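Pasted below: target_2.txt, compact mmCIF, C-alpha atoms.
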```txt
# COMPACT_ATOMS: atom_id res chain seq x y z
CA MET J 1 -62.72 1.53 19.36
CA SER J 2 -65.80 3.29 18.03
CA THR J 3 -67.46 6.52 19.17
CA LEU J 4 -70.76 7.95 18.00
CA PHE J 5 -71.50 11.66 18.49
CA ILE J 6 -75.22 12.40 18.31
CA ASN J 7 -77.39 15.52 18.26
CA ILE J 8 -74.47 17.72 17.15
CA LYS J 9 -75.82 21.25 16.86
CA GLU J 10 -73.58 21.84 13.84
CA LEU J 11 -70.82 19.74 12.27
CA ILE J 12 -68.34 22.22 10.79
CA GLN J 13 -65.96 21.96 7.79
CA VAL J 14 -67.69 19.01 6.14
CA ARG J 15 -65.99 18.04 2.90
CA ASN J 16 -67.49 15.04 1.12
CA GLU J 17 -65.03 15.54 -1.71
CA PRO J 18 -61.55 16.22 -0.31
CA VAL J 19 -59.95 19.56 -1.21
CA SER J 20 -56.31 20.57 -0.78
CA PHE J 21 -57.04 24.19 0.19
CA VAL J 22 -59.51 26.99 -0.45
CA SER J 23 -58.77 30.40 -1.97
CA GLY J 24 -60.35 33.80 -2.49
CA LYS J 25 -64.15 33.77 -2.42
CA GLU J 26 -64.13 30.06 -1.56
CA MET J 27 -62.78 30.97 1.86
CA LYS J 28 -66.17 32.48 2.74
CA GLU J 29 -67.78 29.07 2.26
CA LEU J 30 -67.72 26.75 5.28
CA PRO J 31 -69.86 23.67 4.60
CA SER J 32 -71.63 22.22 7.61
CA ILE J 33 -74.47 19.95 8.72
CA LYS J 34 -76.94 21.01 11.41
CA ASN J 35 -78.41 18.45 13.81
CA ALA J 36 -75.79 15.91 12.81
CA PHE J 37 -74.14 12.67 13.85
CA LEU J 38 -70.47 11.70 13.53
CA LEU J 39 -69.15 8.14 13.76
CA ILE J 40 -65.50 7.47 14.59
CA LYS J 41 -63.89 4.06 14.17
CA ASP J 42 -60.30 3.15 15.02
CA GLY J 43 -59.22 6.78 15.16
CA LEU J 44 -60.66 7.72 11.76
CA ILE J 45 -63.80 9.51 10.58
CA PHE J 46 -66.06 6.68 9.41
CA ASP J 47 -69.41 8.32 8.74
CA PHE J 48 -71.45 11.49 9.32
CA GLY J 49 -74.71 13.07 8.28
CA LEU J 50 -78.09 14.24 9.48
CA MET J 51 -79.41 12.78 12.75
CA SER J 52 -82.38 11.47 10.80
CA ASP J 53 -79.91 9.20 8.99
CA CYS J 54 -77.96 8.15 12.10
CA PRO J 55 -77.06 4.45 11.86
CA LYS J 56 -78.45 1.99 14.43
CA THR J 57 -75.08 0.40 15.01
CA LYS J 58 -73.44 -0.86 18.17
CA VAL J 59 -70.57 1.38 19.35
CA ASP J 60 -68.21 1.46 22.30
CA LYS J 61 -69.21 4.97 23.32
CA THR J 62 -71.99 7.42 22.52
CA ILE J 63 -71.58 11.14 23.20
CA ASP J 64 -74.58 13.45 23.20
CA ALA J 65 -73.42 16.77 21.71
CA SER J 66 -76.69 18.66 22.10
CA GLY J 67 -76.12 22.41 21.84
CA LYS J 68 -72.46 21.84 20.93
CA MET J 69 -70.50 21.97 17.70
CA ILE J 70 -67.73 19.79 16.28
CA LEU J 71 -65.01 21.02 13.95
CA PRO J 72 -61.59 19.73 12.90
CA SER J 73 -58.82 20.51 15.36
CA TRP J 74 -56.60 23.48 14.59
CA CYS J 75 -53.71 22.96 12.17
CA ASP J 76 -50.84 25.20 13.33
CA SER J 77 -48.31 25.24 10.50
CA HIS J 78 -45.70 27.58 12.01
CA THR J 79 -44.24 27.22 15.52
CA HIS J 80 -40.95 27.22 17.40
CA ILE J 81 -42.21 25.27 20.43
CA VAL J 82 -38.84 23.67 21.14
CA TYR J 83 -36.83 26.40 22.85
CA ALA J 84 -35.00 27.05 26.12
CA GLY J 85 -36.10 29.36 28.92
CA ASN J 86 -37.84 32.60 28.02
CA ARG J 87 -37.13 36.18 26.95
CA GLU J 88 -39.20 38.10 29.47
CA GLY J 89 -36.40 40.66 29.85
CA GLU J 90 -36.73 41.60 26.19
CA PHE J 91 -40.47 41.95 26.67
CA VAL J 92 -39.73 44.66 29.24
CA ASP J 93 -37.14 46.23 26.91
CA ARG J 94 -39.81 46.60 24.22
CA ILE J 95 -42.18 48.22 26.71
CA ASN J 96 -39.36 50.65 27.48
CA GLY J 97 -39.07 51.61 23.81
CA LEU J 98 -36.55 49.30 22.16
CA SER J 99 -37.47 47.81 18.80
CA TYR J 100 -37.12 44.14 17.82
CA GLU J 101 -34.11 45.07 15.67
CA GLU J 102 -32.47 47.13 18.46
CA ILE J 103 -32.83 44.27 20.92
CA ALA J 104 -31.23 41.90 18.40
CA LYS J 105 -28.29 44.27 17.84
CA LYS J 106 -27.44 44.30 21.55
CA GLY J 107 -27.26 40.51 21.78
CA GLY J 108 -30.91 39.74 22.33
CA GLY J 109 -33.36 38.09 20.02
CA ILE J 110 -32.61 34.79 18.34
CA LEU J 111 -28.96 34.75 19.49
CA ASN J 112 -30.11 35.05 23.09
CA SER J 113 -32.34 32.00 22.70
CA ALA J 114 -29.57 30.11 20.92
CA LYS J 115 -27.12 30.67 23.77
CA LYS J 116 -29.64 29.34 26.30
CA LEU J 117 -30.44 26.30 24.21
CA GLN J 118 -26.82 25.42 23.53
CA ASN J 119 -26.24 25.20 27.30
CA LEU J 120 -29.30 23.04 27.98
CA SER J 121 -29.32 19.25 27.95
CA GLU J 122 -31.46 17.43 25.43
CA GLU J 123 -33.53 15.91 28.24
CA GLU J 124 -34.27 19.27 29.85
CA LEU J 125 -35.13 20.74 26.46
CA TYR J 126 -37.60 17.89 25.93
CA GLN J 127 -39.16 18.39 29.36
CA GLN J 128 -39.67 22.12 28.75
CA SER J 129 -41.05 21.56 25.25
CA LYS J 130 -43.52 18.84 26.12
CA ILE J 131 -45.27 21.17 28.59
CA ARG J 132 -45.86 23.64 25.76
CA LEU J 133 -47.01 20.90 23.41
CA GLU J 134 -49.54 19.56 25.92
CA GLU J 135 -50.86 23.09 26.43
CA VAL J 136 -51.48 23.73 22.72
CA ILE J 137 -53.21 20.36 22.37
CA THR J 138 -55.64 21.24 25.15
CA LEU J 139 -56.29 24.53 23.31
CA GLY J 140 -57.48 22.60 20.28
CA THR J 141 -54.41 22.05 18.11
CA GLY J 142 -54.31 18.64 16.46
CA ALA J 143 -51.50 19.17 13.95
CA VAL J 144 -48.40 21.29 14.42
CA GLU J 145 -45.18 22.15 12.63
CA ILE J 146 -42.12 22.72 14.84
CA LYS J 147 -38.93 24.40 13.65
CA SER J 148 -35.33 24.21 14.76
CA GLY J 149 -33.34 27.46 14.50
CA TYR J 150 -32.50 28.27 18.11
CA GLY J 151 -29.41 26.07 18.01
CA LEU J 152 -27.24 27.70 15.31
CA THR J 153 -24.52 25.05 15.77
CA LEU J 154 -24.39 21.53 14.40
CA ASP J 155 -24.91 19.88 17.79
CA ALA J 156 -27.62 22.26 18.99
CA GLU J 157 -29.65 22.15 15.79
CA LEU J 158 -29.57 18.35 15.81
CA LYS J 159 -30.53 18.42 19.49
CA MET J 160 -33.63 20.45 18.67
CA LEU J 161 -34.64 18.17 15.82
CA ARG J 162 -34.16 15.06 17.96
CA VAL J 163 -36.42 16.57 20.61
CA ILE J 164 -39.05 17.24 17.94
CA LYS J 165 -38.74 13.62 16.80
CA ARG J 166 -39.18 12.41 20.39
CA LEU J 167 -42.29 14.56 20.84
CA LYS J 168 -43.69 13.07 17.64
CA GLU J 169 -43.08 9.55 18.95
CA ASN J 170 -44.66 10.20 22.35
CA TYR J 171 -47.80 12.21 21.53
CA PRO J 172 -50.80 11.45 19.30
CA ILE J 173 -50.74 14.91 17.68
CA GLU J 174 -49.55 15.21 14.07
CA ILE J 175 -46.08 16.82 14.14
CA LYS J 176 -43.96 18.01 11.22
CA ALA J 177 -40.31 19.06 11.67
CA THR J 178 -38.58 21.94 9.88
CA PHE J 179 -34.86 22.67 9.69
CA LEU J 180 -34.41 26.41 10.24
CA GLY J 181 -30.66 26.62 10.75
CA ALA J 182 -30.72 29.85 8.71
CA HIS J 183 -32.66 31.68 11.42
CA ALA J 184 -29.86 34.12 12.29
CA ILE J 185 -26.11 34.46 11.80
CA PRO J 186 -24.16 33.24 14.87
CA SER J 187 -21.61 35.64 16.38
CA LYS J 188 -18.82 33.29 15.31
CA TYR J 189 -19.80 33.83 11.67
CA LYS J 190 -20.62 37.53 11.96
CA ASN J 191 -18.19 38.39 9.17
CA ASN J 192 -18.52 35.11 7.28
CA LYS J 193 -22.18 34.53 6.46
CA GLN J 194 -21.39 32.27 3.52
CA GLY J 195 -19.26 30.13 5.80
CA TYR J 196 -22.27 29.61 8.05
CA LEU J 197 -24.56 28.81 5.12
CA ASP J 198 -22.01 26.28 3.91
CA LEU J 199 -21.97 24.70 7.39
CA LEU J 200 -25.75 24.27 7.20
CA VAL J 201 -25.58 22.74 3.76
CA ASN J 202 -22.42 20.62 3.93
CA GLN J 203 -22.43 19.42 7.52
CA ILE J 204 -25.90 19.67 9.07
CA MET J 205 -28.18 18.80 6.14
CA PRO J 206 -26.46 15.44 5.47
CA LYS J 207 -26.95 14.42 9.11
CA ILE J 208 -30.59 15.51 9.05
CA ALA J 209 -31.16 13.41 5.95
CA ALA J 210 -29.34 10.40 7.42
CA GLU J 211 -31.43 10.47 10.62
CA LYS J 212 -34.65 11.59 8.86
CA LEU J 213 -35.03 14.45 11.32
CA ALA J 214 -36.91 16.97 9.18
CA GLU J 215 -39.30 17.19 6.26
CA PHE J 216 -39.00 20.92 5.53
CA VAL J 217 -36.24 23.52 5.20
CA ASP J 218 -36.77 27.18 6.13
CA ILE J 219 -34.82 30.45 6.18
CA PHE J 220 -35.41 33.93 7.63
CA CYS J 221 -35.32 36.04 4.46
CA GLU J 222 -35.19 39.54 5.90
CA THR J 223 -33.09 42.71 5.92
CA GLY J 224 -30.23 42.20 8.37
CA TYR J 225 -30.57 38.41 8.29
CA PHE J 226 -30.55 36.53 4.98
CA THR J 227 -30.99 37.86 1.44
CA ALA J 228 -33.09 36.56 -1.42
CA GLU J 229 -29.87 35.12 -2.87
CA ASP J 230 -29.13 33.31 0.40
CA THR J 231 -32.68 32.00 0.37
CA ASP J 232 -32.31 30.66 -3.15
CA TYR J 233 -29.11 28.86 -2.11
CA ILE J 234 -30.59 27.24 1.03
CA LEU J 235 -33.82 26.15 -0.63
CA LYS J 236 -31.97 24.73 -3.63
CA GLU J 237 -29.53 22.79 -1.45
CA GLY J 238 -32.27 21.65 0.91
CA LYS J 239 -34.20 20.08 -1.94
CA LYS J 240 -31.15 17.93 -2.72
CA TYR J 241 -31.65 16.34 0.70
CA GLY J 242 -35.39 15.89 0.23
CA LEU J 243 -36.36 18.94 2.30
CA THR J 244 -39.44 20.79 1.05
CA PRO J 245 -39.00 24.62 1.02
CA LYS J 246 -40.72 27.04 3.39
CA ILE J 247 -39.71 30.67 4.13
CA HIS J 248 -39.96 33.29 6.85
CA VAL J 249 -40.43 36.32 4.61
CA ASN J 250 -41.70 39.92 4.45
CA GLN J 251 -41.93 40.36 8.21
CA PHE J 252 -40.39 43.83 8.17
CA THR J 253 -39.38 44.45 4.54
CA SER J 254 -40.08 43.08 1.06
CA ILE J 255 -36.77 42.07 -0.53
CA GLY J 256 -37.76 39.54 -3.20
CA GLY J 257 -38.12 36.50 -0.97
CA VAL J 258 -41.69 35.73 -1.97
CA GLN J 259 -40.63 35.44 -5.59
CA VAL J 260 -37.76 33.12 -4.64
CA GLY J 261 -40.18 30.95 -2.68
CA VAL J 262 -42.56 30.68 -5.62
CA SER J 263 -39.69 29.84 -7.97
CA HIS J 264 -38.83 26.88 -5.72
CA ASN J 265 -42.49 25.82 -5.35
CA ALA J 266 -42.26 26.52 -1.61
CA LEU J 267 -45.04 24.84 0.33
CA SER J 268 -45.60 28.06 2.28
CA VAL J 269 -44.36 31.62 2.69
CA ASP J 270 -44.91 32.83 6.24
CA HIS J 271 -45.30 36.20 8.03
CA LEU J 272 -46.13 38.53 5.10
CA GLU J 273 -46.81 41.57 7.25
CA ILE J 274 -45.40 43.72 4.45
CA MET J 275 -46.85 42.85 1.03
CA THR J 276 -46.38 44.73 -2.24
CA GLU J 277 -48.61 44.38 -5.29
CA GLU J 278 -45.78 42.42 -6.91
CA ASP J 279 -45.69 40.00 -3.97
CA ILE J 280 -49.42 39.38 -4.19
CA THR J 281 -49.31 38.92 -7.96
CA SER J 282 -46.40 36.46 -7.61
CA LEU J 283 -48.52 34.18 -5.43
CA LYS J 284 -51.52 34.03 -7.75
CA ASN J 285 -52.20 30.64 -9.37
CA THR J 286 -49.39 28.92 -7.46
CA GLN J 287 -49.33 25.98 -5.06
CA THR J 288 -47.59 28.08 -2.38
CA MET J 289 -49.67 28.81 0.72
CA PRO J 290 -49.38 32.30 2.27
CA VAL J 291 -49.38 32.02 6.08
CA ALA J 292 -50.25 34.89 8.42
CA LEU J 293 -49.12 35.07 12.05
CA PRO J 294 -51.40 37.63 13.73
CA SER J 295 -50.25 36.97 17.31
CA CYS J 296 -46.75 38.08 16.28
CA SER J 297 -48.13 41.37 14.97
CA TYR J 298 -50.11 41.77 18.19
CA PHE J 299 -47.12 41.10 20.45
CA LEU J 300 -44.59 43.22 18.53
CA SER J 301 -47.05 45.98 17.57
CA ILE J 302 -46.13 45.67 13.89
CA PRO J 303 -48.51 45.69 10.90
CA TYR J 304 -50.84 42.75 10.35
CA THR J 305 -50.72 40.69 7.18
CA PRO J 306 -53.12 42.39 4.70
CA ALA J 307 -55.46 39.40 4.68
CA ARG J 308 -58.44 41.19 3.17
CA LYS J 309 -56.40 42.47 0.24
CA MET J 310 -54.85 39.06 -0.37
CA ILE J 311 -58.08 37.05 -0.16
CA ASP J 312 -59.93 39.58 -2.32
CA ALA J 313 -57.14 39.14 -4.89
CA GLY J 314 -58.01 35.45 -5.03
CA LEU J 315 -55.25 34.07 -2.81
CA PRO J 316 -55.60 31.38 -0.15
CA LEU J 317 -54.45 32.13 3.40
CA ALA J 318 -53.52 30.00 6.39
CA LEU J 319 -53.25 31.12 10.00
CA ALA J 320 -50.64 29.94 12.51
CA THR J 321 -49.31 30.98 15.93
CA ASP J 322 -45.55 31.47 15.42
CA TYR J 323 -45.23 30.22 19.03
CA ASN J 324 -41.72 31.29 20.13
CA PRO J 325 -40.04 32.98 23.11
CA GLY J 326 -39.23 36.29 21.46
CA SER J 327 -42.09 37.52 19.32
CA THR J 328 -45.06 35.25 20.11
CA PRO J 329 -44.93 33.44 23.47
CA SER J 330 -48.34 31.85 22.88
CA GLY J 331 -49.56 28.79 21.01
CA ASN J 332 -53.25 29.60 21.41
CA MET J 333 -54.90 29.16 18.01
CA ASN J 334 -58.19 30.40 19.44
CA PHE J 335 -56.56 33.78 20.01
CA VAL J 336 -55.10 33.65 16.50
CA VAL J 337 -58.49 33.15 14.82
CA ALA J 338 -60.04 35.85 17.02
CA THR J 339 -57.27 38.32 16.22
CA ALA J 340 -57.58 37.58 12.49
CA CYS J 341 -61.26 38.52 12.70
CA ILE J 342 -60.74 41.58 14.89
CA LYS J 343 -57.58 43.03 13.37
CA MET J 344 -57.44 41.58 9.84
CA ASN J 345 -61.13 41.83 8.88
CA MET J 346 -61.47 38.13 8.15
CA THR J 347 -64.89 36.55 8.64
CA PRO J 348 -65.39 33.66 11.12
CA LYS J 349 -65.84 31.26 8.18
CA GLU J 350 -62.62 32.48 6.57
CA VAL J 351 -60.59 32.05 9.75
CA ILE J 352 -61.91 28.51 10.30
CA ASN J 353 -60.85 27.60 6.76
CA ALA J 354 -57.48 29.29 7.29
CA ALA J 355 -56.85 27.49 10.58
CA THR J 356 -57.98 24.04 9.47
CA ILE J 357 -57.83 22.89 5.84
CA ASN J 358 -55.39 25.60 4.66
CA GLY J 359 -53.17 25.09 7.69
CA ALA J 360 -53.16 21.37 7.02
CA TYR J 361 -52.07 22.01 3.42
CA ALA J 362 -49.18 24.17 4.68
CA MET J 363 -47.83 21.06 6.44
CA ASN J 364 -48.57 18.51 3.67
CA LEU J 365 -51.33 17.09 5.88
CA ASP J 366 -54.41 18.02 3.86
CA LYS J 367 -55.00 14.39 2.85
CA THR J 368 -55.22 13.22 6.47
CA THR J 369 -56.57 16.11 8.55
CA GLY J 370 -58.10 19.60 8.40
CA SER J 371 -61.68 18.68 7.47
CA ILE J 372 -64.56 16.38 8.35
CA THR J 373 -63.99 13.88 5.56
CA LYS J 374 -64.42 10.11 5.63
CA GLY J 375 -61.09 8.37 6.13
CA LYS J 376 -59.34 11.36 7.69
CA THR J 377 -57.89 11.22 11.18
CA ALA J 378 -60.44 12.01 13.89
CA ASN J 379 -58.66 15.04 15.33
CA LEU J 380 -61.60 17.10 16.56
CA ILE J 381 -62.76 19.96 18.74
CA LEU J 382 -66.01 19.51 20.66
CA THR J 383 -67.15 22.96 21.75
CA LYS J 384 -69.09 23.92 24.82
CA PRO J 385 -72.70 24.93 24.09
CA ILE J 386 -72.39 27.94 21.74
CA LYS J 387 -74.78 29.98 19.63
CA SER J 388 -72.76 29.94 16.41
CA ILE J 389 -69.24 29.29 15.15
CA ALA J 390 -68.65 33.05 15.48
CA SER J 391 -68.70 32.51 19.27
CA ILE J 392 -65.08 31.32 19.16
CA PRO J 393 -63.54 34.54 17.77
CA TYR J 394 -66.20 36.77 19.37
CA ASN J 395 -65.45 35.52 22.89
CA PHE J 396 -61.72 36.04 22.37
CA GLY J 397 -60.84 35.82 26.05
CA SER J 398 -62.91 32.72 26.83
CA ASN J 399 -62.22 29.07 26.18
CA LYS J 400 -65.15 27.66 24.20
CA ILE J 401 -63.62 24.18 23.88
CA GLU J 402 -65.09 21.37 25.98
CA THR J 403 -63.02 18.42 24.75
CA VAL J 404 -60.22 17.81 22.25
CA PHE J 405 -60.04 14.44 20.48
CA LEU J 406 -56.87 13.13 18.86
CA ARG J 407 -57.14 9.98 16.78
CA GLY J 408 -60.64 9.60 18.15
CA GLU J 409 -59.62 9.62 21.83
CA ALA J 410 -60.40 12.40 24.31
CA VAL J 411 -57.25 14.19 25.44
CA ASN J 412 -56.50 14.33 29.15
CA PHE J 413 -53.02 15.07 30.50
CA ASN J 414 -54.02 15.11 34.21
```

Here is a file; write its structure as C-alpha cells.
Amino acid sequence: MSTLFINIKELIQVRNEPVSFVSGKEMKELPSIKNAFLLIKDGLIFDFGLMSDCPKTKVDKTIDASGKMILPSWCDSHTHIVYAGNREGEFVDRINGLSYEEIAKKGGGILNSAKKLQNLSEEELYQQSKIRLEEVITLGTGAVEIKSGYGLTLDAELKMLRVIKRLKENYPIEIKATFLGAHAIPSKYKNNKQGYLDLLVNQIMPKIAAEKLAEFVDIFCETGYFTAEDTDYILKEGKKYGLTPKIHVNQFTSIGGVQVGVSHNALSVDHLEIMTEEDITSLKNTQTMPVALPSCSYFLSIPYTPARKMIDAGLPLALATDYNPGSTPSGNMNFVVATACIKMNMTPKEVINAATINGAYAMNLDKTTGSITKGKTANLILTKPIKSIASIPYNFGSNKIETVFLRGEAVNFN
C-alpha cells in the first residue's frame, strides 16, 4: 500500500539524519519543509521533499494536503490508561479542600483504584481500557507507554500487564509496558514495606520476565511512598530481569530520587514538579530523559515542572499526559502541549520536540518513530487548515487534527 501526500503546507519535524533526542537550545529548532510532498510505502516513510521534486510514481492513494500540515504523531511516554472505574468522588473532595495526600490517607488515591481493579475481571478491564486507548489515538497519539500499578497484588498486577499486552496485539499504535508494582504500599503491608518490595522482586518480577509482559520498571519515589533507598533496590532488581529503569520522582518533594535514577542510567525520570539545583545538575550530560506532566499540575493545582529553567540549563525535556483516574483523567496530548506553552513558557517548537522525538526516546522508540525520517513508521498527524504550527497550542480548546495515520493507514474506529 502506498500513499502520496501532496501540496503539504508544511512538513514538520523533518530529520534527514536521525537523532535520539534534542536538548537545551536545540529544542528551539524544529526543521520543516514548506510546500512539501510525503510518500508512504508499506506503513513506512519512504520519501519526502519539496513539491518541485515530487516523484511521478504510481501510488494507491493521493491525498491533497493544501493548507494543512503534517507532523509525527504524539509520543506519550507516561500513562496509566489501564485502570478500573473512576475517582470522581475524590475530584469533588479536592474541590472541597482536601489535598492529594489527605485523600490518600483516608483510603482514597491509588489504594482506591487498586481495590476497584482487583474486583474487576480481566475482560472488563480490557473493555474499559480499549475505549481510552481509541480516544487517545484519535487525539493524535501514535506511541504510548502504559504502566501497571493499580493492582498491588500478584494477580492484579499481572492482570493489568496482560491487558496491556492484549491492547498491543489488537491495535496498530506503538505500546510499551511498564511494571509499576511499587506505586503505593497496600494496606496488608502497611507495617511491612520491605515485605511488599520483596514480593514485587521475588514473586512478580520472575513471572513478568517469563511471560515477557513488560519492558520497563518504575517506582513512585516520594515522601510517604517509597524512599531513594527503596528506589535503588527496585531498579537494581528490575535490571536483573531485563527491565529498564524509569521513576516517578519529585512530584511533591525532592528526596534524592533523581540522583538514584541517574546512577542506574534510568531511561526517564518523570514528574519533576519540584526541582533543586542539585537535581538539574545531576541530569546534565546524561542519557536520562526528564519528563514533565503538565496536565497533572493543572488538575491538582500543584507547581509545574520548571521547564524554562531546565531547558536553559541545557537539559532535554519530554512531555506526557500521565493519563490516570486520580490526578490526570485525560490523555489529550494537544492539551499537554498547549499547557506547556501557556503555563511553562515553552515555545511551540520546543513543545513539538518534547512531544515527538523526545517522547519517543523516553520509550526507546526514537529509532522507529517521533520524526519524519526515511524508514521510520508512518505514524502521522494531518492537521486541518492552520496558519502555523503555533495554532495547535494557541487554540487550546479546539481540535486542529483532521486525520491520524498509524502505520500509514487512516484511523477510523466508527

Exercise. Once you count all atoms listed in the file, which residues end up no further than 10 Å from (-54.5, 40.2, 2.4) in the file's frame, shown as a list of chain:residue names?
Worked result: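 Applying the cut-off with all atoms listed in the file, one gets J:Gly24, J:Leu272, J:Glu273, J:Ile274, J:Met275, J:Ile280, J:Pro290, J:Ala292, J:Tyr304, J:Thr305, J:Pro306, J:Ala307, J:Arg308, J:Lys309, J:Met310, J:Ile311, J:Asp312, J:Ala313, J:Gly314, J:Leu315, J:Pro316, J:Leu317, J:Met344, J:Asn345, J:Met346.
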
Exercise. Counting all atoms listed in the file, what is within 9 Å of range 59-71 of chain J, bar same-chain residues fewer than 3 positions away, as a PyMOL selection string?
Worked result: chain J and resi 1-14+35+37-39+41+74+352+356+370-372+379-389+402

For this session: Check the smallest atom-to-atom distance from each of J:Ile81, J:Leu200, J:Val269, J:Met160 to Lys130 in chain J using all atoms listed in the file, then report the winner.
Result: J:Ile81

For this session: May I have the protein, DNA and RNA residues with an atom at most 12 Å from (-37.9, 43.3, 16.8), counting only C-alpha atoms in the file's coordinates, returned as a PyMOL selection string?
Result: chain J and resi 90-91+93-95+97-106+108-110+222-224+251-252+296-297+299-302+326-328

Take the residues from that selection and write them out as a compact mmCIF listing (two decimals), in the frame of the given file, keeping C-alpha atoms.
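selection-v1.txt, freshly written:
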```txt
# COMPACT_ATOMS: atom_id res chain seq x y z
CA GLU J 90 -36.73 41.60 26.19
CA PHE J 91 -40.47 41.95 26.67
CA ASP J 93 -37.14 46.23 26.91
CA ARG J 94 -39.81 46.60 24.22
CA ILE J 95 -42.18 48.22 26.71
CA GLY J 97 -39.07 51.61 23.81
CA LEU J 98 -36.55 49.30 22.16
CA SER J 99 -37.47 47.81 18.80
CA TYR J 100 -37.12 44.14 17.82
CA GLU J 101 -34.11 45.07 15.67
CA GLU J 102 -32.47 47.13 18.46
CA ILE J 103 -32.83 44.27 20.92
CA ALA J 104 -31.23 41.90 18.40
CA LYS J 105 -28.29 44.27 17.84
CA LYS J 106 -27.44 44.30 21.55
CA GLY J 108 -30.91 39.74 22.33
CA GLY J 109 -33.36 38.09 20.02
CA ILE J 110 -32.61 34.79 18.34
CA GLU J 222 -35.19 39.54 5.90
CA THR J 223 -33.09 42.71 5.92
CA GLY J 224 -30.23 42.20 8.37
CA GLN J 251 -41.93 40.36 8.21
CA PHE J 252 -40.39 43.83 8.17
CA CYS J 296 -46.75 38.08 16.28
CA SER J 297 -48.13 41.37 14.97
CA PHE J 299 -47.12 41.10 20.45
CA LEU J 300 -44.59 43.22 18.53
CA SER J 301 -47.05 45.98 17.57
CA ILE J 302 -46.13 45.67 13.89
CA GLY J 326 -39.23 36.29 21.46
CA SER J 327 -42.09 37.52 19.32
CA THR J 328 -45.06 35.25 20.11
```

For this session: Using CA of Ala338 in chain J and CA of Val144 in chain J as the two end points, give the distance in Å to one decimal.
Result: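 One can read the CA of Ala338 in chain J to CA of Val144 in chain J distance as 18.8 Å.
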
For this session: Tell me which of J:Met205, J:Leu283, J:Met363, J:Leu161 sits closest to His80 in chain J, counting only C-alpha atoms.
Result: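 The answer is J:Leu161, which sits nearest to His80 in chain J.
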
Exercise. J:Thr369, J:Ser113, J:Ser263, J:Ser391: which is nearest Val337 in chain J, counting only C-alpha atoms?
Worked result: J:Ser391

Problem set entry | Distance criterion (only C-alpha atoms): nearest to Ala209 in chain J out of J:Ile173, J:Leu406, J:Ala228, J:Leu158 |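 Looking only at the distances to Ala209 in chain J, the closest residue turns out to be J:Leu158.
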